[in-house]
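As stored in input-v3.txt (compact mmCIF, C-alpha atoms):
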# COMPACT_ATOMS: atom_id res chain seq x y z
CA MET A 1 33.62 -24.96 46.70
CA PRO A 2 33.42 -21.19 47.28
CA ALA A 3 35.94 -19.45 49.55
CA LYS A 4 34.98 -19.14 53.20
CA ASP A 5 33.70 -15.85 54.48
CA ILE A 6 36.11 -13.88 56.72
CA TYR A 7 33.69 -14.37 59.63
CA HIS A 8 33.34 -18.13 59.16
CA GLN A 9 35.21 -19.17 62.32
CA THR A 10 33.71 -16.23 64.27
CA VAL A 11 30.16 -17.39 63.54
CA ARG A 12 31.05 -21.02 64.31
CA ASN A 13 32.36 -19.91 67.70
CA ALA A 14 29.35 -17.67 68.37
CA LEU A 15 26.95 -20.53 67.59
CA GLU A 16 28.83 -22.96 69.85
CA LYS A 17 28.81 -20.38 72.65
CA ASP A 18 25.04 -20.14 72.09
CA GLY A 19 24.68 -23.89 72.68
CA TRP A 20 24.59 -25.09 69.06
CA LYS A 21 26.42 -28.16 67.85
CA ILE A 22 27.98 -27.61 64.42
CA THR A 23 27.04 -30.61 62.29
CA ASN A 24 27.99 -29.47 58.76
CA ASP A 25 30.78 -27.22 57.50
CA PRO A 26 29.62 -26.70 54.80
CA LEU A 27 26.12 -28.10 54.39
CA THR A 28 25.80 -29.44 50.83
CA ILE A 29 22.51 -29.53 48.95
CA ARG A 30 22.00 -30.73 45.41
CA ILE A 31 19.11 -29.87 43.10
CA GLY A 32 19.41 -31.45 39.67
CA LYS A 33 23.06 -31.00 38.67
CA LYS A 34 23.58 -27.93 40.85
CA ASP A 35 25.50 -28.24 44.12
CA MET A 36 25.03 -25.61 46.78
CA TYR A 37 27.29 -25.14 49.78
CA ILE A 38 25.67 -23.39 52.71
CA ASP A 39 28.35 -22.26 55.17
CA LEU A 40 27.17 -24.10 58.31
CA GLY A 41 24.60 -26.58 59.55
CA ALA A 42 23.90 -26.76 63.30
CA GLU A 43 21.58 -28.43 65.80
CA LYS A 44 20.42 -27.71 69.31
CA LEU A 45 18.24 -29.62 71.74
CA ILE A 46 15.28 -27.38 72.56
CA ALA A 47 13.55 -28.69 75.69
CA ALA A 48 10.37 -26.71 75.10
CA GLU A 49 9.99 -28.23 71.62
CA LYS A 50 10.87 -31.73 72.91
CA GLY A 51 13.16 -32.17 69.96
CA GLU A 52 16.06 -30.91 68.01
CA SER A 53 16.09 -27.56 66.26
CA LYS A 54 18.08 -27.55 63.03
CA ILE A 55 19.46 -24.51 61.26
CA ALA A 56 21.56 -23.66 58.22
CA VAL A 57 23.64 -20.48 58.28
CA GLU A 58 25.03 -18.50 55.36
CA ILE A 59 27.56 -15.86 56.43
CA LYS A 60 27.88 -12.55 54.59
CA SER A 61 30.38 -9.86 55.47
CA PHE A 62 29.24 -7.17 52.98
CA VAL A 63 32.78 -6.12 52.09
CA SER A 64 32.37 -5.04 48.45
CA ARG A 65 32.35 -1.40 47.42
CA SER A 66 28.62 -1.43 46.75
CA GLU A 67 26.31 -2.05 49.68
CA MET A 68 23.39 -2.44 47.23
CA ASN A 69 25.23 -5.18 45.31
CA ASP A 70 26.10 -6.96 48.54
CA LEU A 71 22.48 -6.76 49.66
CA GLU A 72 21.12 -8.03 46.33
CA ASN A 73 23.62 -10.89 46.25
CA ALA A 74 22.89 -11.88 49.85
CA ILE A 75 19.12 -11.86 49.25
CA GLY A 76 19.50 -13.86 46.03
CA GLN A 77 21.71 -16.49 47.63
CA PHE A 78 19.33 -16.72 50.59
CA ILE A 79 16.27 -17.24 48.38
CA VAL A 80 17.94 -19.87 46.20
CA TYR A 81 19.24 -21.80 49.24
CA HIS A 82 15.91 -21.38 51.03
CA ASP A 83 13.91 -22.88 48.16
CA ALA A 84 16.41 -25.72 47.75
CA LEU A 85 16.42 -26.48 51.51
CA ALA A 86 12.62 -26.45 51.61
CA ILE A 87 12.73 -29.44 49.26
CA ARG A 88 15.73 -31.31 50.65
CA GLU A 89 15.47 -30.61 54.40
CA PRO A 90 12.18 -28.84 55.10
CA GLU A 91 12.67 -28.95 58.88
CA ARG A 92 15.92 -26.95 58.74
CA ILE A 93 15.63 -23.16 59.02
CA LEU A 94 18.00 -20.95 57.05
CA PHE A 95 19.55 -17.78 58.49
CA LEU A 96 21.77 -15.11 56.98
CA ALA A 97 24.51 -14.21 59.49
CA VAL A 98 25.52 -10.53 59.51
CA THR A 99 27.48 -8.37 61.95
CA HIS A 100 25.65 -5.98 64.23
CA LYS A 101 27.13 -3.08 62.24
CA ILE A 102 25.72 -4.38 58.94
CA TYR A 103 22.41 -5.04 60.63
CA LEU A 104 22.21 -1.38 61.73
CA ASP A 105 23.54 0.03 58.42
CA ILE A 106 21.29 -2.02 56.14
CA PHE A 107 18.45 -3.74 57.93
CA GLU A 108 17.46 -0.78 60.09
CA GLU A 109 17.20 1.38 56.97
CA PRO A 110 13.97 1.62 54.88
CA LEU A 111 14.97 -0.84 52.13
CA GLY A 112 16.30 -3.45 54.54
CA LYS A 113 13.26 -3.04 56.79
CA LEU A 114 11.01 -3.56 53.76
CA LEU A 115 12.79 -6.83 52.90
CA LEU A 116 12.47 -8.03 56.51
CA LYS A 117 8.79 -7.05 56.60
CA ASN A 118 8.23 -9.03 53.38
CA GLN A 119 10.00 -11.99 55.06
CA ARG A 120 12.58 -12.23 52.31
CA VAL A 121 15.31 -13.18 54.78
CA LYS A 122 15.87 -14.39 58.35
CA LEU A 123 18.85 -12.95 60.22
CA LEU A 124 21.35 -14.12 62.79
CA VAL A 125 23.01 -10.93 64.06
CA PHE A 126 26.42 -11.41 65.70
CA GLU A 127 29.06 -9.33 67.43
CA PRO A 128 32.37 -10.22 65.75
CA LYS A 129 34.77 -9.14 68.52
CA LYS A 130 32.97 -10.94 71.33
CA GLU A 131 32.04 -13.79 68.96
CA GLU A 132 28.50 -13.72 70.30
CA VAL A 133 25.01 -14.05 68.85
CA ILE A 134 23.12 -10.79 69.50
CA LYS A 135 19.74 -11.65 68.08
CA TRP A 136 17.71 -13.82 65.73
CA ILE A 137 15.20 -12.23 63.37
CA LYS A 138 12.74 -14.85 62.10
CA MET B 1 24.59 4.37 37.65
CA PRO B 2 25.59 0.79 36.86
CA ALA B 3 26.96 -0.13 33.42
CA LYS B 4 24.42 -1.17 30.83
CA ASP B 5 24.02 -4.83 30.06
CA ILE B 6 25.41 -5.97 26.69
CA TYR B 7 21.84 -6.76 25.56
CA HIS B 8 20.41 -3.38 26.57
CA GLN B 9 19.76 -2.09 23.03
CA THR B 10 18.71 -5.56 21.85
CA VAL B 11 15.95 -5.77 24.47
CA ARG B 12 14.86 -2.18 23.77
CA ASN B 13 14.48 -3.10 20.09
CA ALA B 14 12.68 -6.38 20.87
CA LEU B 15 10.19 -4.58 23.12
CA GLU B 16 9.50 -1.89 20.50
CA LYS B 17 9.00 -4.59 17.86
CA ASP B 18 6.51 -6.18 20.30
CA GLY B 19 4.50 -2.93 20.42
CA TRP B 20 5.89 -1.45 23.64
CA LYS B 21 6.75 2.20 24.07
CA ILE B 22 9.96 2.69 26.06
CA THR B 23 9.23 5.33 28.70
CA ASN B 24 12.24 5.03 31.02
CA ASP B 25 15.87 4.17 30.35
CA PRO B 26 16.63 3.58 33.19
CA LEU B 27 13.65 3.58 35.54
CA THR B 28 14.77 5.07 38.85
CA ILE B 29 13.25 4.13 42.19
CA ARG B 30 14.26 5.45 45.57
CA ILE B 31 13.61 3.81 48.93
CA GLY B 32 15.06 5.75 51.84
CA LYS B 33 18.53 6.83 50.72
CA LYS B 34 18.93 3.96 48.25
CA ASP B 35 18.55 4.62 44.53
CA MET B 36 17.79 1.71 42.24
CA TYR B 37 18.10 1.83 38.46
CA ILE B 38 15.99 -0.73 36.65
CA ASP B 39 17.15 -1.05 33.04
CA LEU B 40 13.90 -0.15 31.23
CA GLY B 41 10.37 1.02 31.81
CA ALA B 42 7.77 0.48 29.07
CA GLU B 43 4.07 0.85 28.38
CA LYS B 44 1.59 -0.67 25.96
CA LEU B 45 -2.07 -0.06 25.29
CA ILE B 46 -3.89 -3.33 25.92
CA ALA B 47 -7.35 -3.12 24.38
CA ALA B 48 -8.69 -6.10 26.33
CA GLU B 49 -7.74 -4.44 29.63
CA LYS B 50 -9.09 -1.05 28.48
CA GLY B 51 -5.96 0.58 29.73
CA GLU B 52 -2.23 0.75 29.70
CA SER B 53 -0.03 -2.10 30.79
CA LYS B 54 3.21 -0.97 32.45
CA ILE B 55 6.33 -3.04 32.86
CA ALA B 56 9.85 -2.68 34.20
CA VAL B 57 12.60 -4.81 32.70
CA GLU B 58 15.95 -5.78 34.19
CA ILE B 59 18.31 -7.36 31.65
CA LYS B 60 20.78 -10.07 32.65
CA SER B 61 23.24 -11.68 30.29
CA PHE B 62 24.70 -14.30 32.68
CA VAL B 63 28.25 -13.84 31.47
CA SER B 64 30.28 -14.56 34.62
CA ARG B 65 32.19 -17.81 35.06
CA SER B 66 29.70 -19.11 37.62
CA GLU B 67 26.16 -19.76 36.43
CA MET B 68 25.10 -20.22 40.08
CA ASN B 69 26.46 -16.79 41.03
CA ASP B 70 24.75 -15.18 38.06
CA LEU B 71 21.48 -16.86 39.00
CA GLU B 72 21.72 -15.84 42.67
CA ASN B 73 22.57 -12.26 41.75
CA ALA B 74 19.75 -12.03 39.22
CA ILE B 75 17.21 -13.41 41.71
CA GLY B 76 18.43 -11.07 44.45
CA GLN B 77 18.25 -8.01 42.24
CA PHE B 78 14.82 -9.02 41.01
CA ILE B 79 13.45 -9.47 44.57
CA VAL B 80 14.86 -6.15 45.80
CA TYR B 81 13.53 -4.24 42.78
CA HIS B 82 10.22 -6.09 42.99
CA ASP B 83 9.64 -5.15 46.62
CA ALA B 84 10.68 -1.55 45.99
CA LEU B 85 8.42 -1.26 42.90
CA ALA B 86 5.49 -2.75 44.82
CA ILE B 87 5.67 0.31 47.08
CA ARG B 88 6.51 3.02 44.53
CA GLU B 89 4.61 1.83 41.44
CA PRO B 90 2.40 -1.11 42.40
CA GLU B 91 0.74 -1.26 38.97
CA ARG B 92 4.04 -1.86 37.14
CA ILE B 93 5.12 -5.48 36.62
CA LEU B 94 8.79 -6.39 36.77
CA PHE B 95 10.41 -8.88 34.38
CA LEU B 96 13.90 -10.31 34.16
CA ALA B 97 15.00 -10.38 30.50
CA VAL B 98 17.16 -13.37 29.54
CA THR B 99 18.18 -14.89 26.21
CA HIS B 100 16.49 -18.05 24.98
CA LYS B 101 19.77 -19.93 25.53
CA ILE B 102 19.95 -18.89 29.21
CA TYR B 103 16.29 -19.74 29.61
CA LEU B 104 16.96 -23.29 28.37
CA ASP B 105 20.23 -23.70 30.30
CA ILE B 106 18.94 -22.40 33.63
CA PHE B 107 15.18 -22.12 33.84
CA GLU B 108 14.40 -25.45 32.19
CA GLU B 109 16.68 -27.19 34.71
CA PRO B 110 15.42 -28.40 38.14
CA LEU B 111 16.70 -25.44 40.23
CA GLY B 112 15.45 -22.82 37.79
CA LYS B 113 12.12 -24.60 37.45
CA LEU B 114 11.80 -24.63 41.25
CA LEU B 115 12.37 -20.86 41.40
CA LEU B 116 9.76 -20.28 38.66
CA LYS B 117 7.30 -22.61 40.43
CA ASN B 118 7.82 -20.62 43.66
CA GLN B 119 7.13 -17.43 41.66
CA ARG B 120 10.47 -15.90 42.62
CA VAL B 121 10.89 -14.27 39.22
CA LYS B 122 8.97 -13.37 36.06
CA LEU B 123 10.80 -13.76 32.74
CA LEU B 124 10.91 -12.05 29.39
CA VAL B 125 12.70 -14.48 27.08
CA PHE B 126 14.23 -12.94 23.96
CA GLU B 127 16.13 -14.04 20.87
CA PRO B 128 19.19 -11.75 20.63
CA LYS B 129 19.98 -12.16 16.93
CA LYS B 130 16.43 -11.53 15.71
CA GLU B 131 15.88 -8.97 18.51
CA GLU B 132 12.51 -10.55 19.25
CA VAL B 133 10.50 -11.39 22.35
CA ILE B 134 9.97 -15.18 22.42
CA LYS B 135 7.81 -15.52 25.49
CA TRP B 136 6.71 -14.04 28.80
CA ILE B 137 6.64 -16.19 31.94
CA LYS B 138 4.46 -14.56 34.58
Write-out of the structure in structure tokens:
Amino acid sequence: MPAKDIYHQTVRNALEKDGWKITNDPLTIRIGKKDMYIDLGAEKLIAAEKGESKIAVEIKSFVSRSEMNDLENAIGQFIVYHDALAIREPERILFLAVTHKIYLDIFEEPLGKLLLKNQRVKLLVFEPKKEEVIKWIK
Amino acid sequence: MPAKDIYHQTVRNALEKDGWKITNDPLTIRIGKKDMYIDLGAEKLIAAEKGESKIAVEIKSFVSRSEMNDLENAIGQFIVYHDALAIREPERILFLAVTHKIYLDIFEEPLGKLLLKNQRVKLLVFEPKKEEVIKWIK
């Protein structure tokens, strides 16, 4: 199993504060002989939807020396997990969790905006110090 | 600029043997402040289309210890380059160049097949020893 991201516990706490129940840590999906480990699975009772909302969350801290590499790797992992989830648990929505700083540095810039516009990725933006969810970009 | 893939010259030779003229090595694209370097740009006169066909080729040798990581990184790079190219040079088609062995190991397996079915990536499959293009998967 891959090493946990440095913000693993931070995002767990932020989700719980936001009313989510953590149900999987990690969430395992298998396609053929390939096992994938998505960092977290969570559920929340949404009154308006008269049912449970289910999410999967992959956490990325973008700590390498190349922001472009980090972005490419995050997008690739998201797409592979997304396509696998769509087969195994189509009701569960996948989010990439990034700090507010990374959101501003990457996803408010032209290339990041382009990827969001093309719906390549959904984001959960969190504030690491307060351990709080700031926004969801679907 | 990133280091060249070990199969860089091999794929150049295979494309030339297949009638392509190499026009860019690398092909540079800029979105905002981000520069991207796609390994090769090439052109070929296609009589049936009464015009020139233009491609961009990113070469991936999948040499790391984790096939899953290599696959995720290749898909991520492909998607980012694809979306950038679609803005800068919409007529140019992007391909990921992989050896026949990698094609069989990864893209004939369930997860790889799923990604091809979802049209996440287009492939140029080559035979490294003969330096020949084996097939295109669009």
TODO: Using all atoms listed in the file, find the one residue out of A:Lys50, A:Lys138, A:Lys34, A:Lys44 that sits nearest to B:Leu111.
DONE: A:Lys34
Find the residues in chain A near chain B: any atom within 8 Å counts, using all atoms listed in the file. Write them as a compact mmCIF listing (two decimals) with C-alpha atoms, in the frame of the given file.
# COMPACT_ATOMS: atom_id res chain seq x y z
CA ILE A 31 19.11 -29.87 43.10
CA GLY A 32 19.41 -31.45 39.67
CA LYS A 34 23.58 -27.93 40.85
CA MET A 68 23.39 -2.44 47.23
CA LEU A 71 22.48 -6.76 49.66
CA GLU A 72 21.12 -8.03 46.33
CA ASN A 73 23.62 -10.89 46.25
CA ALA A 74 22.89 -11.88 49.85
CA ILE A 75 19.12 -11.86 49.25
CA GLY A 76 19.50 -13.86 46.03
CA GLN A 77 21.71 -16.49 47.63
CA ILE A 79 16.27 -17.24 48.38
CA VAL A 80 17.94 -19.87 46.20
CA ASP A 83 13.91 -22.88 48.16
CA ALA A 84 16.41 -25.72 47.75
CA GLU A 109 17.20 1.38 56.97
CA PRO A 110 13.97 1.62 54.88
CA LEU A 111 14.97 -0.84 52.13
CA LEU A 114 11.01 -3.56 53.76
CA LEU A 115 12.79 -6.83 52.90
CA ASN A 118 8.23 -9.03 53.38
TODO: May I ask for the distance between atom CA of A:Leu104 and atom CA of A:Glu43, given in Å to one decimal place?
DONE: 27.4 Å
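Across the model, the gap from atom CA of B:Ala42 to atom CA of B:Trp20 is 6.1 Å.
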Open item on the list: Quick check, in Å to one decimal: how far apart do atom CA of A:Lys113 and atom CA of A:Ile46 lie?
Closed with: 29.1 Å
TODO: Can you work out which one of A:Ala47, A:Leu40, A:Ile59, A:Ile106 has the shortest atom-to-atom distance to A:Leu27, counting all atoms listed in the file?
DONE: A:Leu40
Task: Residue contacts of B:Lys17 (9 Å, only C-alpha atoms) excluding same-chain residues fewer than 4 positions away, as a list of chain:residue names - done: B:Arg12, B:Asn13, B:Glu131, B:Glu132, B:Val133
Task: Non-local contacts of A:Ile102 (9 Å; only C-alpha atoms; under 4 positions in same chain excluded) as a VMD selection string - done: chain A and resid 61 to 62 98 106 to 107 125
I need the residues from that last selection saved to file as a JSON list (two decimals), keeping the file's coordinate frame (with C-alpha atoms), if you can.
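Output contents, as saved in part_7.json:
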[["chain", "number", "residue", "atom", "x", "y", "z"],
["A", 61, "SER", "CA", 30.38, -9.86, 55.47],
["A", 62, "PHE", "CA", 29.24, -7.17, 52.98],
["A", 98, "VAL", "CA", 25.52, -10.53, 59.51],
["A", 106, "ILE", "CA", 21.29, -2.02, 56.14],
["A", 107, "PHE", "CA", 18.45, -3.74, 57.93],
["A", 125, "VAL", "CA", 23.01, -10.93, 64.06]]
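Counting only C-alpha atoms, the residue from B:Gln119, B:Lys54, B:Arg65, B:Thr10 that sits nearest to B:Thr99 is B:Thr10.
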Mind writing stretch 44-65 of chain A to a file for me, with N, CA and C atoms, as an mmCIF file, in the first residue's frame?
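The new file result02.cif reads:
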data_model
loop_
_atom_site.group_PDB
_atom_site.id
_atom_site.type_symbol
_atom_site.label_atom_id
_atom_site.label_comp_id
_atom_site.auth_asym_id
_atom_site.auth_seq_id
_atom_site.Cartn_x
_atom_site.Cartn_y
_atom_site.Cartn_z
ATOM 1 N N LYS A 44 -22.299 10.807 4.075
ATOM 2 C CA LYS A 44 -23.009 11.850 4.826
ATOM 3 C C LYS A 44 -24.483 11.753 4.454
ATOM 4 N N LEU A 45 -25.332 11.910 5.470
ATOM 5 C CA LEU A 45 -26.767 11.891 5.219
ATOM 6 C C LEU A 45 -27.163 13.276 4.719
ATOM 7 N N ILE A 46 -27.687 13.324 3.484
ATOM 8 C CA ILE A 46 -28.082 14.614 2.921
ATOM 9 C C ILE A 46 -29.610 14.647 2.895
ATOM 10 N N ALA A 47 -30.204 15.451 3.767
ATOM 11 C CA ALA A 47 -31.664 15.469 3.918
ATOM 12 C C ALA A 47 -32.348 15.804 2.589
ATOM 13 N N ALA A 48 -31.807 16.791 1.901
ATOM 14 C CA ALA A 48 -32.434 17.249 0.653
ATOM 15 C C ALA A 48 -32.483 16.127 -0.394
ATOM 16 N N GLU A 49 -31.464 15.255 -0.364
ATOM 17 C CA GLU A 49 -31.424 14.161 -1.350
ATOM 18 C C GLU A 49 -32.108 12.899 -0.834
ATOM 19 N N LYS A 50 -32.634 12.986 0.403
ATOM 20 C CA LYS A 50 -33.302 11.834 1.047
ATOM 21 C C LYS A 50 -32.446 10.575 0.928
ATOM 22 N N GLY A 51 -31.172 10.729 1.131
ATOM 23 C CA GLY A 51 -30.322 9.547 1.049
ATOM 24 C C GLY A 51 -28.908 9.904 1.438
ATOM 25 N N GLU A 52 -28.043 8.927 1.256
ATOM 26 C CA GLU A 52 -26.678 9.119 1.661
ATOM 27 C C GLU A 52 -25.831 9.544 0.487
ATOM 28 N N SER A 53 -24.973 10.516 0.716
ATOM 29 C CA SER A 53 -24.023 10.942 -0.295
ATOM 30 C C SER A 53 -22.707 10.230 0.015
ATOM 31 N N LYS A 54 -22.101 9.644 -1.019
ATOM 32 C CA LYS A 54 -20.844 8.918 -0.802
ATOM 33 C C LYS A 54 -19.723 9.551 -1.610
ATOM 34 N N ILE A 55 -18.587 9.717 -0.980
ATOM 35 C CA ILE A 55 -17.443 10.280 -1.696
ATOM 36 C C ILE A 55 -16.197 9.409 -1.501
ATOM 37 N N ALA A 56 -15.235 9.609 -2.392
ATOM 38 C CA ALA A 56 -13.896 9.047 -2.228
ATOM 39 C C ALA A 56 -12.959 10.238 -2.356
ATOM 40 N N VAL A 57 -11.908 10.250 -1.542
ATOM 41 C CA VAL A 57 -11.015 11.407 -1.517
ATOM 42 C C VAL A 57 -9.568 10.972 -1.659
ATOM 43 N N GLU A 58 -8.883 11.513 -2.662
ATOM 44 C CA GLU A 58 -7.452 11.273 -2.822
ATOM 45 C C GLU A 58 -6.740 12.584 -2.457
ATOM 46 N N ILE A 59 -5.784 12.485 -1.545
ATOM 47 C CA ILE A 59 -5.119 13.680 -0.999
ATOM 48 C C ILE A 59 -3.765 13.879 -1.678
ATOM 49 N N LYS A 60 -3.505 15.104 -2.123
ATOM 50 C CA LYS A 60 -2.228 15.382 -2.788
ATOM 51 C C LYS A 60 -1.620 16.658 -2.224
ATOM 52 N N SER A 61 -0.389 16.551 -1.757
ATOM 53 C CA SER A 61 0.222 17.725 -1.129
ATOM 54 C C SER A 61 1.126 18.527 -2.072
ATOM 55 N N PHE A 62 1.404 18.035 -3.264
ATOM 56 C CA PHE A 62 2.223 18.774 -4.232
ATOM 57 C C PHE A 62 3.527 19.244 -3.604
ATOM 58 N N VAL A 63 4.329 18.284 -3.136
ATOM 59 C CA VAL A 63 5.564 18.657 -2.441
ATOM 60 C C VAL A 63 6.830 18.428 -3.270
ATOM 61 N N SER A 64 6.701 17.892 -4.505
ATOM 62 C CA SER A 64 7.923 17.637 -5.271
ATOM 63 C C SER A 64 8.500 18.954 -5.788
ATOM 64 N N ARG A 65 9.647 18.863 -6.430
ATOM 65 C CA ARG A 65 10.279 20.105 -6.906
ATOM 66 C C ARG A 65 9.606 20.635 -8.155
#
